[in-house]
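Visitor: Here it is, the structure, as structure tokens.
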Amino acid sequence: MSTLIIPAAGRRLNPHTSLRETASHTFSMAWRALKKMQRNPEQFFDVVIQPLLFTAMFTYIFGGAIAGDVKSYLPTIITGILVQTSLTACMATGTQMREDMEKGVFDRFRSLPMARIAPLAGPMTADLLRYGIAATLTIITGLLMGYRPGGGFVGVAAGWTLVVIAGWSLSWIFAWLGTVLRTAQAVQGAGMMIMFPLTFLSNAFVPADTLPGWLQAFVKANPVSLVINAIRDLMNDGALTRNVAWALLGCAVIVAIFAPLAVRSYNRKV
Amino acid sequence: MTTHSAFYWAASDSLTMVGRSLRHTRRNFDSLLLTVLLPTIMLLMFVYVFGGAITTGFDQYVNYVVPGIILLSTGYGASSTAVSVANDMVNGIVDRFRSLPILSTAVLTGHVVASVARNVVATALVVGLALLVGFRPNAEPVEWMATIALLLLYILAMSWLAVALGLLAGNVESASGFTVIILFLPYLSSAFVPTGTMPTVLRQFSEHQPITPMTETVRGLLMGTPIGASAMLSLAWFGGILVLAYLAAGYLFKRRAARS
């Protein structure tokens, strides 16, 4: 049996992968990332311990002094912690990506016939699980403490979905940082410098009207405040408001800007 | 040839080790950042972000929170001390010092004095920044002196406790983990919010732990609020911690050194 070898000049090579193939490659890489998580359960510490610790600490220590009593503070703090935790979780995306790149595993991926975006989008798809766990644990902790969301099950489910979408969108910023910066520590440092002001200079922990005037302007323009307002509308009031539309639009804009940037710098780096 | 007393050599050895620890501090940018920058961030965050929302009974929240931030900054300083002690024990430098004709515990003294120096600088910076953001103490010179003396006792006690924890830890990571309790205690006290606003169980704990009387005493001395039994409780707590931590550090150092 003879095999016909077509010369390179006569071959019709398609350098572009179809959308279906891209999705398939992305899910393969997501599966790899899930396997890594399974073998390194400490990756879940930030999404398991942090929401429990922060929710308990802020509610019991500051709740009475901020809102008069613990129960009155829960609608404010639970929604704030939801967003803060997803931000912290997506910071790890960039750090782990940088570690992978340092180990040289991405060089091997480049030699394979796969979509260029897959090694980036794969781990980020897998990270949806981490955001989901963090959001679920925060909500459960809140419910155990006495939080009774006015939006009911549908409102909570919608809020949960928005948190996961927001986390995934923001993780593209950290993925880009992971491809641009040289070390995992640098990514972590830069991540902290972004995360700290965005979460604490927002309406996550205190109502915006209690802040000094000059700070209120920043807080109201802060995209994290926008997402928190949207989640509060969904979970506490069960209302599909303009805030939700703005939050989703903001997420789309972040992905539209940072996904191409991340892929471009990844292709240049690797 | 001049002969010096044992005390002279002990002091000389200790000063050499203090110099070594201070040089390490200067070169270890991370620990310097932790000791100075974190309390600064915490002060600004609590004053501007939480200040307007937290009810304390004070006109300005900054006047309520500064004593707590001072104690918190010492906690950060203690954390880096524990890590550097653990690092010394792990990387074998203590074995080399033991082969030299120097006072064996001079290494610990060096760490403690350097820690006190670091914390004094951090405290001065925090107070300076607090004055810039609106802190207005109404203390007389005598009350300032009493505050400084009390804070020095607190810093010294926490430094020796950090040294003991650093010796107790098997490695640098464990030392860092052990100090979490030191860093966390101020939050579970009257440092940031009045204990009366806390749930019953937390309030009971908060009112019977060492940081609360210390905070109340410093606040009372600087702001003129009632001190009551807090001053005596502070002296008892931190005098006791200082003695116990000093003895524990000496014992642990001898045990660790003998094992190596």
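Just remember, in the structure tokens the first chain shown is A, the second B, etc., residues are 1-based per chain, and ligands are 1-based in the order shown.
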Could you please tell me, as a short mmCIF file (atom, residue, chain, number, x, y, z; two decimals) with N, CA and C atoms, in the first residue's frame, which residues of chain B have an atom within 12 Å of chain A when using only C-alpha atoms?
Guide:
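For reference, result_35.cif as written:
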```cif
data_model
loop_
_atom_site.label_atom_id
_atom_site.label_comp_id
_atom_site.auth_asym_id
_atom_site.auth_seq_id
_atom_site.Cartn_x
_atom_site.Cartn_y
_atom_site.Cartn_z
N ASP B 30 11.05 44.49 51.26
CA ASP B 30 9.70 43.96 51.52
C ASP B 30 9.28 44.18 52.96
N LEU B 38 2.07 49.48 55.03
CA LEU B 38 0.77 48.89 55.38
C LEU B 38 0.00 49.69 56.43
N ILE B 41 -1.45 52.72 54.73
CA ILE B 41 -2.62 52.40 53.91
C ILE B 41 -3.83 52.15 54.80
N MET B 42 -3.61 51.39 55.88
CA MET B 42 -4.72 51.08 56.80
C MET B 42 -5.30 52.35 57.41
N LEU B 44 -5.22 55.48 56.20
CA LEU B 44 -5.96 56.24 55.18
C LEU B 44 -7.28 55.56 54.83
N MET B 45 -7.24 54.23 54.75
CA MET B 45 -8.46 53.49 54.40
C MET B 45 -9.52 53.62 55.50
N PHE B 46 -9.10 53.43 56.74
CA PHE B 46 -10.09 53.51 57.83
C PHE B 46 -10.61 54.92 58.02
N VAL B 47 -9.75 55.91 57.85
CA VAL B 47 -10.20 57.30 58.05
C VAL B 47 -11.14 57.73 56.94
N TYR B 48 -10.72 57.49 55.68
CA TYR B 48 -11.50 58.03 54.56
C TYR B 48 -12.60 57.10 54.05
N VAL B 49 -12.35 55.79 54.05
CA VAL B 49 -13.36 54.87 53.50
C VAL B 49 -14.39 54.49 54.56
N PHE B 50 -13.91 54.04 55.73
CA PHE B 50 -14.84 53.56 56.76
C PHE B 50 -15.26 54.65 57.75
N GLY B 51 -14.43 55.68 57.85
CA GLY B 51 -14.64 56.72 58.86
C GLY B 51 -16.03 57.32 58.91
N GLY B 52 -16.57 57.65 57.75
CA GLY B 52 -17.88 58.29 57.70
C GLY B 52 -19.02 57.36 58.05
N ALA B 53 -18.80 56.06 57.91
CA ALA B 53 -19.87 55.08 58.13
C ALA B 53 -19.88 54.50 59.54
N ILE B 54 -18.73 54.52 60.22
CA ILE B 54 -18.63 53.89 61.54
C ILE B 54 -19.01 54.88 62.65
N THR B 55 -19.92 54.44 63.51
CA THR B 55 -20.38 55.26 64.63
C THR B 55 -19.56 54.92 65.87
N THR B 56 -18.88 55.93 66.43
CA THR B 56 -18.02 55.67 67.60
C THR B 56 -18.32 56.57 68.79
N GLY B 57 -19.07 57.64 68.56
CA GLY B 57 -19.30 58.61 69.64
C GLY B 57 -18.26 59.71 69.63
N TYR B 61 -13.64 60.33 63.32
CA TYR B 61 -13.24 58.92 63.48
C TYR B 61 -11.72 58.79 63.61
N PHE B 184 -4.08 39.75 63.78
CA PHE B 184 -5.54 39.69 63.78
C PHE B 184 -6.18 40.23 65.06
N LEU B 185 -5.46 40.14 66.18
CA LEU B 185 -6.04 40.57 67.47
C LEU B 185 -6.56 42.01 67.50
N PRO B 186 -5.84 42.99 66.91
CA PRO B 186 -6.38 44.36 66.95
C PRO B 186 -7.77 44.50 66.32
N TYR B 187 -8.06 43.68 65.30
CA TYR B 187 -9.38 43.76 64.67
C TYR B 187 -10.47 43.27 65.62
N LEU B 188 -10.11 42.33 66.49
CA LEU B 188 -11.08 41.78 67.44
C LEU B 188 -11.00 42.52 68.77
N SER B 189 -10.78 43.82 68.70
CA SER B 189 -10.68 44.63 69.91
C SER B 189 -11.45 45.93 69.69
N SER B 190 -11.27 46.88 70.61
CA SER B 190 -11.95 48.17 70.45
C SER B 190 -11.13 49.14 69.61
N ALA B 191 -10.15 48.60 68.87
CA ALA B 191 -9.26 49.46 68.07
C ALA B 191 -9.99 50.20 66.96
N PHE B 192 -10.94 49.53 66.31
CA PHE B 192 -11.60 50.13 65.14
C PHE B 192 -13.07 50.47 65.37
N VAL B 193 -13.73 49.68 66.19
CA VAL B 193 -15.14 49.97 66.52
C VAL B 193 -15.35 49.75 68.02
N PRO B 194 -16.29 50.47 68.63
CA PRO B 194 -16.57 50.24 70.05
C PRO B 194 -17.07 48.81 70.28
N THR B 195 -16.64 48.18 71.35
CA THR B 195 -17.03 46.79 71.60
C THR B 195 -18.54 46.64 71.79
N GLY B 196 -19.19 47.71 72.20
CA GLY B 196 -20.64 47.68 72.40
C GLY B 196 -21.44 47.41 71.14
N THR B 197 -20.83 47.64 69.96
CA THR B 197 -21.55 47.43 68.70
C THR B 197 -21.39 45.99 68.19
N MET B 198 -20.60 45.18 68.91
CA MET B 198 -20.33 43.81 68.46
C MET B 198 -21.36 42.83 69.02
N PRO B 199 -21.55 41.68 68.34
CA PRO B 199 -22.42 40.64 68.90
C PRO B 199 -21.86 40.15 70.24
N THR B 200 -22.72 39.59 71.09
CA THR B 200 -22.37 39.26 72.48
C THR B 200 -21.09 38.44 72.62
N VAL B 201 -20.99 37.33 71.89
CA VAL B 201 -19.82 36.44 72.04
C VAL B 201 -18.54 37.18 71.68
N LEU B 202 -18.58 37.91 70.57
CA LEU B 202 -17.40 38.65 70.12
C LEU B 202 -17.06 39.77 71.10
N ARG B 203 -18.10 40.40 71.65
CA ARG B 203 -17.88 41.48 72.62
C ARG B 203 -17.18 40.94 73.87
N PHE B 205 -15.23 38.34 74.10
CA PHE B 205 -13.83 38.05 73.76
C PHE B 205 -13.04 39.36 73.67
N SER B 206 -13.62 40.32 72.97
CA SER B 206 -12.95 41.60 72.72
C SER B 206 -12.61 42.32 74.02
#
```
Visitor: Name the residues in contact with A:Ala247 at a cut-off of 8 Å, using only C-alpha atoms, excluding same-chain residues fewer than 4 positions from it; report them as a list in words.
Guide: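 In the requested form, the answer reads Pro223, Leu226, Val227, Ala230, Asn243 and Cys251 of chain A.
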Visitor: Those same residues, written as a CSV table (one decimal), in the first residue's frame with C-alpha atoms?
Guide:
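part.csv, written as the output of this step:
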```csv
chain,number,residue,atom,x,y,z
A,223,PRO,CA,-16.4,49.9,37.5
A,226,LEU,CA,-21.1,49.5,39.0
A,227,VAL,CA,-21.1,45.7,39.2
A,230,ALA,CA,-26.1,45.7,39.6
A,243,ASN,CA,-27.1,49.2,36.4
A,251,CYS,CA,-17.8,43.4,31.1
```
Visitor: Would you pick out the contacts of A:Ala115 at 7 Å or less, using only C-alpha atoms, so that residues sharing its chain but fewer than 3 positions from it are not included, and give the list as number ranges by chain?
Guide: A: 17, 22, 25, 118
Visitor: Per DSSP on the backbone, what are the helix (DSSP H, G or I) residues of stretch 103-189 of chain B, as a PyMOL selection string?
Guide: chain B and resi 106-132+141-168+172-178+180-188
Visitor: I need the residue nearest A:Ala190 from this list: A:Ala166, A:Ala134, A:Ile140, A:Ala175. Use only C-alpha atoms for the distance.
Guide: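 Of A:Ala166, A:Ala134, A:Ile140, A:Ala175, the one nearest A:Ala190, counting only C-alpha atoms, is A:Ala175.
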Visitor: Using only C-alpha atoms, which of A:Pro119, A:Gly132, A:Pro7, A:Gly80 sits nearest A:Val47?
Guide: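 Using only C-alpha atoms, the shortest distance to A:Val47 belongs to A:Gly132.
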Visitor: For atom CA of A:Asp100 and atom CA of A:Lys36, determine how far apart the two atoms are, in Å to one decimal place.
Guide: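 One can read the atom CA of A:Asp100 to atom CA of A:Lys36 distance as 11.3 Å.
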Visitor: Just give me the gap between atom CA of B:Trp237 and atom CA of B:His208 in Å, one decimal is fine.
Guide: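 A separation of 10.6 Å between them.
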